[in-house]
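S.K.: Structure supplied as data.pdb; contents: PDB, C-alpha atoms.
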```pdb
ATOM      1  CA  MET I  46      21.077 -29.177  -0.940
ATOM      2  CA  GLU I  47      20.941 -26.593   1.826
ATOM      3  CA  HIS I  48      23.157 -23.568   1.173
ATOM      4  CA  GLU I  49      24.704 -21.334   3.780
ATOM      5  CA  PRO I  50      23.185 -17.831   3.679
ATOM      6  CA  ILE I  51      25.065 -15.300   1.571
ATOM      7  CA  VAL I  52      26.524 -12.602   3.808
ATOM      8  CA  LEU I  53      26.173  -9.257   2.049
ATOM      9  CA  ASP I  54      29.358  -7.257   1.603
ATOM     10  CA  ILE I  55      28.708  -3.832   3.132
ATOM     11  CA  THR I  56      31.625  -2.312   1.214
ATOM     12  CA  GLY I  57      29.962  -3.031  -2.126
ATOM     13  CA  THR I  58      33.252  -3.960  -3.790
ATOM     14  CA  ASP I  59      31.574  -6.431  -6.173
ATOM     15  CA  ILE I  60      27.883  -5.605  -6.271
ATOM     16  CA  GLN I  61      27.215  -7.204  -9.657
ATOM     17  CA  GLY I  62      29.082 -10.385  -8.751
ATOM     18  CA  GLU I  63      27.277 -10.628  -5.446
ATOM     19  CA  SER I  64      23.915 -10.076  -7.158
ATOM     20  CA  ALA I  65      24.734 -12.816  -9.680
ATOM     21  CA  ARG I  66      25.607 -15.253  -6.871
ATOM     22  CA  ILE I  67      22.299 -14.504  -5.154
ATOM     23  CA  ARG I  68      20.328 -15.000  -8.383
ATOM     24  CA  ARG I  69      22.023 -18.337  -9.026
ATOM     25  CA  ARG I  70      20.510 -19.621  -5.765
ATOM     26  CA  GLY I  71      17.025 -19.292  -7.264
ATOM     27  CA  PRO I  72      14.120 -16.822  -6.984
ATOM     28  CA  ILE I  73      14.292 -16.767  -3.170
ATOM     29  CA  THR I  74      17.359 -17.395  -1.058
ATOM     30  CA  ARG I  75      18.650 -16.710   2.428
ATOM     31  CA  ILE I  76      21.031 -13.817   3.020
ATOM     32  CA  VAL I  77      22.554 -12.005   5.996
ATOM     33  CA  LEU I  78      22.055  -8.249   6.173
ATOM     34  CA  PRO I  79      24.499  -5.817   7.818
ATOM     35  CA  GLY I  80      24.438  -6.345  11.574
ATOM     36  CA  ASP I  81      24.127 -10.132  11.174
ATOM     37  CA  VAL I  82      20.378  -9.901  10.616
ATOM     38  CA  PRO I  83      19.004 -12.907   8.648
ATOM     39  CA  ALA I  84      16.677 -12.206   5.745
ATOM     40  CA  TRP I  85      15.375 -13.548   2.445
ATOM     41  CA  SER I  86      16.357 -12.106  -0.930
ATOM     42  CA  VAL I  87      13.688 -12.274  -3.655
ATOM     43  CA  THR I  88      15.154 -11.839  -7.139
ATOM     44  CA  ASP I  89      12.235 -12.933  -9.306
ATOM     45  CA  ALA I  90       9.931 -10.022 -10.194
ATOM     46  CA  THR I  91       6.871 -12.268 -10.522
ATOM     47  CA  VAL I  92       7.396 -13.801  -7.091
ATOM     48  CA  LEU I  93       8.052 -10.378  -5.584
ATOM     49  CA  ARG I  94       4.855  -8.970  -7.080
ATOM     50  CA  ARG I  95       2.856 -11.858  -5.644
ATOM     51  CA  LEU I  96       4.360 -11.291  -2.207
ATOM     52  CA  LEU I  97       3.723  -7.552  -2.221
ATOM     53  CA  THR I  98       0.076  -7.983  -3.236
ATOM     54  CA  ASP I  99      -0.710 -10.900  -0.914
ATOM     55  CA  SER I 100      -2.778  -9.727   2.061
ATOM     56  CA  ARG I 101      -1.074 -12.338   4.251
ATOM     57  CA  VAL I 102       2.324 -10.683   3.765
ATOM     58  CA  SER I 103       3.136  -7.669   5.932
ATOM     59  CA  LYS I 104       5.571  -4.848   5.156
ATOM     60  CA  ASP I 105       5.193  -3.251   8.587
ATOM     61  CA  ALA I 106       8.040  -4.311  10.885
ATOM     62  CA  ARG I 107       6.512  -2.547  13.879
ATOM     63  CA  GLN I 108       3.426  -4.720  13.686
ATOM     64  CA  HIS I 109       4.672  -8.085  12.475
ATOM     65  CA  TRP I 110       8.447  -8.524  12.757
ATOM     66  CA  THR I 111       8.854 -10.358  16.036
ATOM     67  CA  ALA I 112      12.625  -9.865  16.316
ATOM     68  CA  TYR I 113      12.194  -6.125  15.743
ATOM     69  CA  ASN I 114       9.583  -5.774  18.469
ATOM     70  CA  THR I 115      11.262  -7.991  21.081
ATOM     71  CA  GLY I 116      14.552  -6.090  21.007
ATOM     72  CA  GLU I 117      16.550  -8.703  19.090
ATOM     73  CA  ILE I 118      17.216  -6.055  16.441
ATOM     74  CA  PRO I 119      19.465  -3.502  18.187
ATOM     75  CA  ALA I 120      18.651   0.191  18.267
ATOM     76  CA  ASP I 121      21.814   0.983  16.295
ATOM     77  CA  TRP I 122      21.076  -1.459  13.462
ATOM     78  CA  PRO I 123      22.195   0.366  10.272
ATOM     79  CA  LEU I 124      18.986  -0.431   8.367
ATOM     80  CA  ARG I 125      16.552   0.342  11.172
ATOM     81  CA  SER I 126      15.546   3.673   9.655
ATOM     82  CA  TRP I 127      14.376   1.864   6.505
ATOM     83  CA  VAL I 128      11.776  -0.248   8.299
ATOM     84  CA  GLY I 129      10.644   1.977  11.177
ATOM     85  CA  VAL I 130       8.892   4.582   9.047
ATOM     86  CA  ASP I 131       5.289   5.623   8.337
ATOM     87  CA  ASN I 132       5.024   5.771   4.557
ATOM     88  CA  MET I 133       4.105   3.665   1.531
ATOM     89  CA  PHE I 134       7.332   1.679   1.838
ATOM     90  CA  THR I 135       6.094  -0.075   4.995
ATOM     91  CA  ALA I 136       2.319   0.261   4.611
ATOM     92  CA  TYR I 137       0.202  -2.403   2.940
ATOM     93  CA  GLY I 138      -3.458  -3.145   2.271
ATOM     94  CA  PRO I 139      -5.963  -0.367   3.084
ATOM     95  CA  GLU I 140      -3.282   1.755   4.784
ATOM     96  CA  HIS I 141      -1.135   1.699   1.656
ATOM     97  CA  ARG I 142      -4.120   2.690  -0.486
ATOM     98  CA  ARG I 143      -4.916   5.598   1.885
ATOM     99  CA  LEU I 144      -1.365   6.956   1.721
ATOM    100  CA  ARG I 145      -1.145   6.447  -2.033
ATOM    101  CA  LYS I 146      -4.377   8.395  -2.522
ATOM    102  CA  LEU I 147      -3.147  11.279  -0.380
ATOM    103  CA  VAL I 148       0.260  11.422  -2.045
ATOM    104  CA  ALA I 149      -0.968  11.063  -5.647
ATOM    105  CA  PRO I 150      -1.778  14.788  -6.189
ATOM    106  CA  ALA I 151       1.910  15.630  -5.778
ATOM    107  CA  PHE I 152       2.923  13.447  -8.735
ATOM    108  CA  THR I 153       0.871  14.745 -11.639
ATOM    109  CA  HIS I 154       2.007  14.545 -15.256
ATOM    110  CA  ARG I 155       2.100  18.340 -15.406
ATOM    111  CA  ARG I 156       4.490  18.569 -12.459
ATOM    112  CA  THR I 157       6.735  15.876 -13.928
ATOM    113  CA  MET I 158       6.927  17.559 -17.334
ATOM    114  CA  ALA I 159       7.497  20.974 -15.745
ATOM    115  CA  MET I 160      10.730  19.654 -14.231
ATOM    116  CA  ARG I 161      12.190  18.650 -17.602
ATOM    117  CA  PRO I 162      13.901  21.990 -18.391
ATOM    118  CA  ARG I 163      15.550  22.043 -14.952
ATOM    119  CA  ILE I 164      16.698  18.416 -15.280
ATOM    120  CA  GLU I 165      18.221  19.264 -18.651
ATOM    121  CA  ALA I 166      19.907  22.370 -17.192
ATOM    122  CA  ILE I 167      21.340  20.436 -14.227
ATOM    123  CA  THR I 168      22.615  17.716 -16.562
ATOM    124  CA  ALA I 169      24.175  20.254 -18.940
ATOM    125  CA  ASP I 170      25.913  22.044 -16.049
ATOM    126  CA  LEU I 171      27.492  18.818 -14.786
ATOM    127  CA  LEU I 172      28.549  17.783 -18.303
ATOM    128  CA  ASP I 173      30.158  21.204 -18.803
ATOM    129  CA  GLN I 174      32.130  20.691 -15.596
ATOM    130  CA  LEU I 175      33.276  17.276 -16.826
ATOM    131  CA  SER I 176      34.313  18.663 -20.212
ATOM    132  CA  ALA I 177      36.543  21.184 -18.421
ATOM    133  CA  SER I 178      38.667  18.370 -16.982
ATOM    134  CA  PRO I 179      42.275  18.363 -18.268
ATOM    135  CA  PRO I 180      42.946  16.020 -21.212
ATOM    136  CA  GLY I 181      43.874  12.556 -19.987
ATOM    137  CA  ALA I 182      42.561  13.169 -16.471
ATOM    138  CA  VAL I 183      40.795  10.281 -14.730
ATOM    139  CA  VAL I 184      37.175  11.204 -13.942
ATOM    140  CA  ASP I 185      34.891   9.449 -11.464
ATOM    141  CA  LEU I 186      31.605   9.541 -13.386
ATOM    142  CA  ARG I 187      29.613   8.173 -10.466
ATOM    143  CA  GLN I 188      30.848  10.856  -8.073
ATOM    144  CA  ARG I 189      30.774  13.776 -10.503
ATOM    145  CA  PHE I 190      27.712  12.952 -12.614
ATOM    146  CA  ALA I 191      25.551   9.958 -11.667
ATOM    147  CA  TYR I 192      25.487  10.938  -7.976
ATOM    148  CA  PRO I 193      24.747  14.711  -8.118
ATOM    149  CA  VAL I 194      22.067  14.598 -10.850
ATOM    150  CA  PRO I 195      19.293  12.908  -8.822
ATOM    151  CA  ILE I 196      19.935  14.672  -5.503
ATOM    152  CA  ARG I 197      19.861  18.090  -7.188
ATOM    153  CA  VAL I 198      16.677  17.215  -9.098
ATOM    154  CA  ILE I 199      14.954  15.802  -6.009
ATOM    155  CA  SER I 200      15.963  18.830  -3.940
ATOM    156  CA  GLU I 201      14.200  21.118  -6.414
ATOM    157  CA  LEU I 202      11.254  18.745  -6.720
ATOM    158  CA  ILE I 203      10.555  18.845  -2.973
ATOM    159  CA  GLY I 204      11.411  22.536  -2.638
ATOM    160  CA  VAL I 205      14.583  22.430  -0.526
ATOM    161  CA  PRO I 206      15.673  26.042   0.189
ATOM    162  CA  ASP I 207      19.316  27.062  -0.181
ATOM    163  CA  HIS I 208      20.057  27.074   3.554
ATOM    164  CA  LEU I 209      18.985  23.413   3.918
ATOM    165  CA  ALA I 210      20.506  22.046   0.693
ATOM    166  CA  ALA I 211      24.106  21.481   1.852
ATOM    167  CA  PRO I 212      23.294  19.854   5.226
ATOM    168  CA  LEU I 213      20.593  17.653   3.640
ATOM    169  CA  HIS I 214      22.954  16.483   0.885
ATOM    170  CA  ALA I 215      25.674  15.684   3.445
ATOM    171  CA  CYS I 216      23.147  13.718   5.492
ATOM    172  CA  VAL I 217      22.018  11.754   2.421
ATOM    173  CA  ASP I 218      25.670  10.929   1.695
ATOM    174  CA  ARG I 219      26.041   9.347   5.127
ATOM    175  CA  PHE I 220      22.648   7.661   4.878
ATOM    176  CA  PHE I 221      23.746   5.555   1.901
ATOM    177  CA  ASP I 222      27.335   4.894   2.976
ATOM    178  CA  THR I 223      27.167   1.384   4.436
ATOM    179  CA  SER I 224      30.957   0.979   4.545
ATOM    180  CA  ASP I 225      31.695   3.668   7.145
ATOM    181  CA  THR I 226      31.686   1.793  10.446
ATOM    182  CA  ARG I 227      32.403   4.986  12.388
ATOM    183  CA  LYS I 228      29.076   6.626  11.641
ATOM    184  CA  ASP I 229      26.100   6.508  13.988
ATOM    185  CA  PRO I 230      23.027   5.418  11.935
ATOM    186  CA  PRO I 231      20.408   6.438  14.535
ATOM    187  CA  ALA I 232      21.998   9.867  14.948
ATOM    188  CA  ASN I 233      22.188  10.354  11.197
ATOM    189  CA  TYR I 234      18.550   9.319  10.808
ATOM    190  CA  LEU I 235      17.481  11.798  13.489
ATOM    191  CA  GLU I 236      19.502  14.532  11.802
ATOM    192  CA  MET I 237      17.873  13.805   8.459
ATOM    193  CA  TYR I 238      14.431  13.628  10.067
ATOM    194  CA  GLY I 239      15.078  17.009  11.675
ATOM    195  CA  LEU I 240      16.184  18.574   8.380
ATOM    196  CA  VAL I 241      13.113  17.286   6.523
ATOM    197  CA  SER I 242      10.922  18.543   9.378
ATOM    198  CA  GLU I 243      12.548  21.962   8.927
ATOM    199  CA  LEU I 244      11.725  21.752   5.229
ATOM    200  CA  VAL I 245       8.058  21.065   6.028
ATOM    201  CA  ALA I 246       7.912  24.016   8.445
ATOM    202  CA  TYR I 247       9.614  26.280   5.904
ATOM    203  CA  ARG I 248       7.197  25.378   3.103
ATOM    204  CA  ARG I 249       4.209  25.872   5.387
ATOM    205  CA  ALA I 250       5.397  29.423   5.953
ATOM    206  CA  GLU I 251       6.741  29.925   2.412
ATOM    207  CA  PRO I 252       4.608  27.858  -0.013
ATOM    208  CA  GLY I 253       6.042  27.120  -3.426
ATOM    209  CA  ASP I 254       5.361  25.055  -6.533
ATOM    210  CA  ASP I 255       6.855  21.891  -5.063
ATOM    211  CA  ILE I 256       5.860  18.511  -3.677
ATOM    212  CA  THR I 257       6.325  19.485  -0.024
ATOM    213  CA  THR I 258       3.889  22.373  -0.398
ATOM    214  CA  VAL I 259       1.339  20.112  -2.101
ATOM    215  CA  LEU I 260       1.613  17.402   0.548
ATOM    216  CA  THR I 261       1.230  19.831   3.466
ATOM    217  CA  ALA I 262      -2.052  21.015   1.963
ATOM    218  CA  THR I 263      -3.430  17.645   0.804
ATOM    219  CA  TYR I 264      -6.687  16.420   2.325
ATOM    220  CA  ASP I 265      -8.882  13.481   1.416
ATOM    221  CA  GLU I 266     -12.590  14.024   0.726
ATOM    222  CA  ASP I 267     -13.434  13.245   4.333
ATOM    223  CA  GLY I 268     -10.869  15.690   5.693
ATOM    224  CA  THR I 269      -8.178  13.075   6.332
ATOM    225  CA  GLN I 270      -4.656  14.494   6.093
ATOM    226  CA  LEU I 271      -1.204  13.014   6.323
ATOM    227  CA  THR I 272       0.020  13.041   9.917
ATOM    228  CA  GLU I 273       3.211  14.989  10.570
ATOM    229  CA  LYS I 274       5.239  11.777  10.788
ATOM    230  CA  GLU I 275       3.656  10.363   7.634
ATOM    231  CA  LEU I 276       4.445  13.607   5.824
ATOM    232  CA  VAL I 277       8.090  13.684   6.915
ATOM    233  CA  ASP I 278       8.545   9.941   6.313
ATOM    234  CA  THR I 279       6.991  10.244   2.845
ATOM    235  CA  LEU I 280       9.430  13.013   1.908
ATOM    236  CA  MET I 281      12.296  10.907   3.249
ATOM    237  CA  LEU I 282      11.046   8.038   1.078
ATOM    238  CA  ILE I 283      11.060  10.328  -1.981
ATOM    239  CA  VAL I 284      14.665  11.295  -1.239
ATOM    240  CA  SER I 285      15.914   7.795  -0.456
ATOM    241  CA  ALA I 286      14.011   5.830  -3.113
ATOM    242  CA  GLY I 287      14.450   8.455  -5.809
ATOM    243  CA  HIS I 288      18.117   9.172  -5.206
ATOM    244  CA  GLU I 289      20.039   5.920  -4.852
ATOM    245  CA  THR I 290      18.038   4.038  -7.479
ATOM    246  CA  THR I 291      18.644   6.784 -10.041
ATOM    247  CA  VAL I 292      22.357   6.929  -9.210
ATOM    248  CA  ASN I 293      22.607   3.201  -9.918
ATOM    249  CA  LEU I 294      20.564   3.456 -13.108
ATOM    250  CA  LEU I 295      22.807   6.227 -14.460
ATOM    251  CA  ASP I 296      26.175   4.709 -13.650
ATOM    252  CA  GLN I 297      25.119   1.230 -14.804
ATOM    253  CA  ALA I 298      23.747   2.657 -18.064
ATOM    254  CA  ILE I 299      26.998   4.577 -18.628
ATOM    255  CA  PHE I 300      29.022   1.428 -17.945
ATOM    256  CA  ALA I 301      26.823  -0.601 -20.298
ATOM    257  CA  LEU I 302      27.257   1.840 -23.165
ATOM    258  CA  LEU I 303      30.997   2.329 -22.605
ATOM    259  CA  THR I 304      31.564  -1.423 -22.757
ATOM    260  CA  GLN I 305      29.199  -2.113 -25.683
ATOM    261  CA  PRO I 306      30.471   0.032 -28.605
ATOM    262  CA  ARG I 307      27.960  -1.227 -31.164
ATOM    263  CA  GLN I 308      24.963  -0.463 -28.943
ATOM    264  CA  ARG I 309      26.526   2.891 -27.978
ATOM    265  CA  ALA I 310      26.823   3.834 -31.654
ATOM    266  CA  ASP I 311      23.186   2.856 -32.262
ATOM    267  CA  VAL I 312      22.042   5.072 -29.378
ATOM    268  CA  LEU I 313      24.142   8.042 -30.504
ATOM    269  CA  ASP I 314      22.925   7.635 -34.098
ATOM    270  CA  GLY I 315      19.306   7.551 -32.934
ATOM    271  CA  LYS I 316      18.733   4.020 -34.227
ATOM    272  CA  VAL I 317      17.521   2.895 -30.784
ATOM    273  CA  GLY I 318      16.015   4.861 -27.922
ATOM    274  CA  TRP I 319      17.037   5.169 -24.299
ATOM    275  CA  ALA I 320      14.448   2.567 -23.314
ATOM    276  CA  GLU I 321      16.473   0.012 -25.269
ATOM    277  CA  ALA I 322      19.647   1.318 -23.621
ATOM    278  CA  ASP I 323      18.062   0.660 -20.228
ATOM    279  CA  GLN I 324      17.225  -2.886 -21.326
ATOM    280  CA  LEU I 325      20.907  -3.320 -22.224
ATOM    281  CA  ARG I 326      21.836  -2.059 -18.764
ATOM    282  CA  SER I 327      19.499  -4.615 -17.197
ATOM    283  CA  ARG I 328      20.940  -7.475 -19.238
ATOM    284  CA  ILE I 329      24.525  -6.557 -18.318
ATOM    285  CA  CYS I 330      23.630  -6.285 -14.631
ATOM    286  CA  CYS I 331      22.136  -9.767 -14.871
ATOM    287  CA  GLY I 332      25.186 -11.080 -16.737
ATOM    288  CA  ALA I 333      23.186 -11.840 -19.888
ATOM    289  CA  ALA I 334      24.738  -9.404 -22.386
ATOM    290  CA  HIS I 335      27.595 -10.077 -24.766
ATOM    291  CA  PRO I 336      30.179  -7.573 -26.016
ATOM    292  CA  GLY I 337      29.417  -6.049 -29.363
TER     293      GLY I 337
END
```
Please re-express this file's structure in structure tokens.
M.R.:
Amino acid sequence: MEHEPIVLDITGTDIQGESARIRRRGPITRIVLPGDVPAWSVTDATVLRRLLTDSRVSKDARQHWTAYNTGEIPADWPLRSWVGVDNMFTAYGPEHRRLRKLVAPAFTHRRTMAMRPRIEAITADLLDQLSASPPGAVVDLRQRFAYPVPIRVISELIGVPDHLAAPLHACVDRFFDTSDTRKDPPANYLEMYGLVSELVAYRRAEPGDDITTVLTATYDEDGTQLTEKELVDTLMLIVSAGHETTVNLLDQAIFALLTQPRQRADVLDGKVGWAEADQLRSRICCGAAHPG
């Protein structure tokens, strides 16, 4: 039986319910993206992995998406900035391997572990602010905790100076707000691109112990370097992919533990680790967990 495509709700009022409806259609089903753009949703990890590693499947819209290149996709399409970039998100095959090799030095184990004290300090600061709320006050944990943690961590990771932090954070806010029909996606993308370009210029003049500094100085053995656009687009990928996904992980994990008292007690008592808590989050998001 042929189903009508599922039109995604840009307001996100029932994300989990919408995700469940998509999954019930099977591993691959038709959807409609914002802007009435038809697409396929792949919900099975095995199928997705096969697609992403198949040389016959392209991730580069500029090369192989006919509607994108013939003008059927309008210039103000809200998701255009996600597919018109030069980074590992859209590259595949040899080009993906080249970019991955050039970017790899920025993500060493040492650099990751060195950030741990700052992540703990940022988390403690936000928790202290929450604990200062008046007794009985309603607190938006997504807005006051899950949202600011990743953007503050990423900002330090890529070396955002103080004078660029506020405008970059405001731009990221607009970047992920799909419900505001008044915003101008192309203008917001250009603003964000300009801010990240300023970051690159700043770190060239003022090197630091951060990912931007590493990437600006990274060369392959044959002297190949990231182009300016690849560099800026890669940093934008770090911000976009690292921010929103972590926000969702945090608020979904908090929801899972608040609604599952037995599992919450086990985590707090140290009987299970946070890896198991994340598995609980995944099961609840897929509608497979039971109260307890």
S.K.: Would you mind reading off the distance between CA of Phe300 in chain I and CA of Val77 in chain I, one decimal, in Å?
M.R.: 28.2 Å
S.K.: Mind telling me what the PyMOL selection byres ((chain I and resi 208-219) around 7) catches here, as a PyMOL selection string?
M.R.: chain I and resi 205-207+220-222+233+237+240
S.K.: The PyMOL selection byres ((chain I and resi 87) around 10) - which residues does that actually catch in the file I just gave you? List them as a ChimeraX atom specification.
M.R.: /I:67-68,71-75,84-86,88-93,96
S.K.: Between range 253-315 of chain I and range 117-140 of chain I, at 8 Å or less, what are the per-residue closest atom pairs and their distances in Å? Count only C-alpha atoms, order by chain and rising residue number, and return it as CSV.
M.R.:
```
residue,atom,partner,partner_atom,distance
I:Lys274,CA,I:Asp131,CA,6.6
I:Glu275,CA,I:Asp131,CA,5.1
I:Leu276,CA,I:Asn132,CA,8.0
I:Asp278,CA,I:Asn132,CA,5.7
I:Thr279,CA,I:Asn132,CA,5.2
I:Leu282,CA,I:Asn132,CA,7.3
```
S.K.: Quick one: everything within 9 Å of range 174-190 of chain I, counting only C-alpha atoms, minus sequence neighbours fewer than 4 positions away in the same chain. Send it as a list in words.
M.R.: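 Result of the neighbour search: Thr168, Ala169, Asp170, Val194, Val292, Asn293, Leu295, Asp296 and Ile299 of chain I.
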S.K.: Please report as a Markdown table every residue of range 213-314 of chain I lying within 10 Å of range 141-160 of chain I, along with the nearest atom pair and their distance in Å (one decimal), using all atoms listed in the file.
M.R.:
```
| residue | atom | partner | partner_atom | distance |
| --- | --- | --- | --- | --- |
| I:Asp254 | CA | I:Arg156 | CA | 8.8 |
| I:Asp255 | CA | I:Ala151 | CA | 8.0 |
| I:Ile256 | CA | I:Ala151 | CA | 5.3 |
| I:Thr257 | CA | I:Ala151 | CA | 8.2 |
| I:Thr258 | CA | I:Ala151 | CA | 8.9 |
| I:Val259 | CA | I:Ala151 | CA | 5.8 |
| I:Leu260 | CA | I:Ala151 | CA | 6.6 |
| I:Thr263 | CA | I:Leu147 | CA | 6.5 |
| I:Tyr264 | CA | I:Leu147 | CA | 6.8 |
| I:Asp265 | CA | I:Leu147 | CA | 6.4 |
| I:Glu266 | CA | I:Leu147 | CA | 9.9 |
| I:Thr269 | CA | I:Leu147 | CA | 8.6 |
| I:Gln270 | CA | I:Leu147 | CA | 7.4 |
| I:Leu271 | CA | I:Leu147 | CA | 7.2 |
| I:Glu275 | CA | I:Leu144 | CA | 8.5 |
| I:Leu276 | CA | I:Val148 | CA | 9.2 |
| I:Thr279 | CA | I:Val148 | CA | 8.4 |
```
S.K.: Residues picked by the PyMOL selection byres ((chain I and resi 288) around 9) here, as a VMD selection string?
M.R.: chain I and resid 192 194 to 196 199 217 283 to 287 289 to 293
S.K.: What does the distance between CA of Asp105 in chain I and CA of Leu280 in chain I come to in Å, to one decimal place?
M.R.: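 Spanning CA of Asp105 in chain I to CA of Leu280 in chain I is a straight-line distance of 18.1 Å.
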S.K.: Rounded to one decimal place, report the CA of Arg95 in chain I-CA of Arg66 in chain I distance in Å.
M.R.: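 That distance, rounded to one decimal, is 23.0 Å.
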S.K.: Give, as lines of an AutoDock Vina configuration file, the centre coordinates and the x, y and z edge lengths in Å to one decimal for an axis-aligned box around all listed atoms of range 177-187 of chain I, padded by 8 Å on each side.
M.R.:
```
center_x = 36.7
center_y = 14.7
center_z = -15.8
size_x = 30.3
size_y = 29.0
size_z = 26.7
```
S.K.: Pick from I:Arg94, I:Asp54, I:Val198, I:Gly204: nearest to Gly253 in chain I, with all atoms listed in the file counted?
M.R.: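 Closest candidate: I:Gly204.
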S.K.: When distances are computed from all atoms listed in the file, which of I:Glu321, I:Ala106, I:Ile51, I:Ala166 shows the smallest separation from Arg69 in chain I?
M.R.: I:Ile51
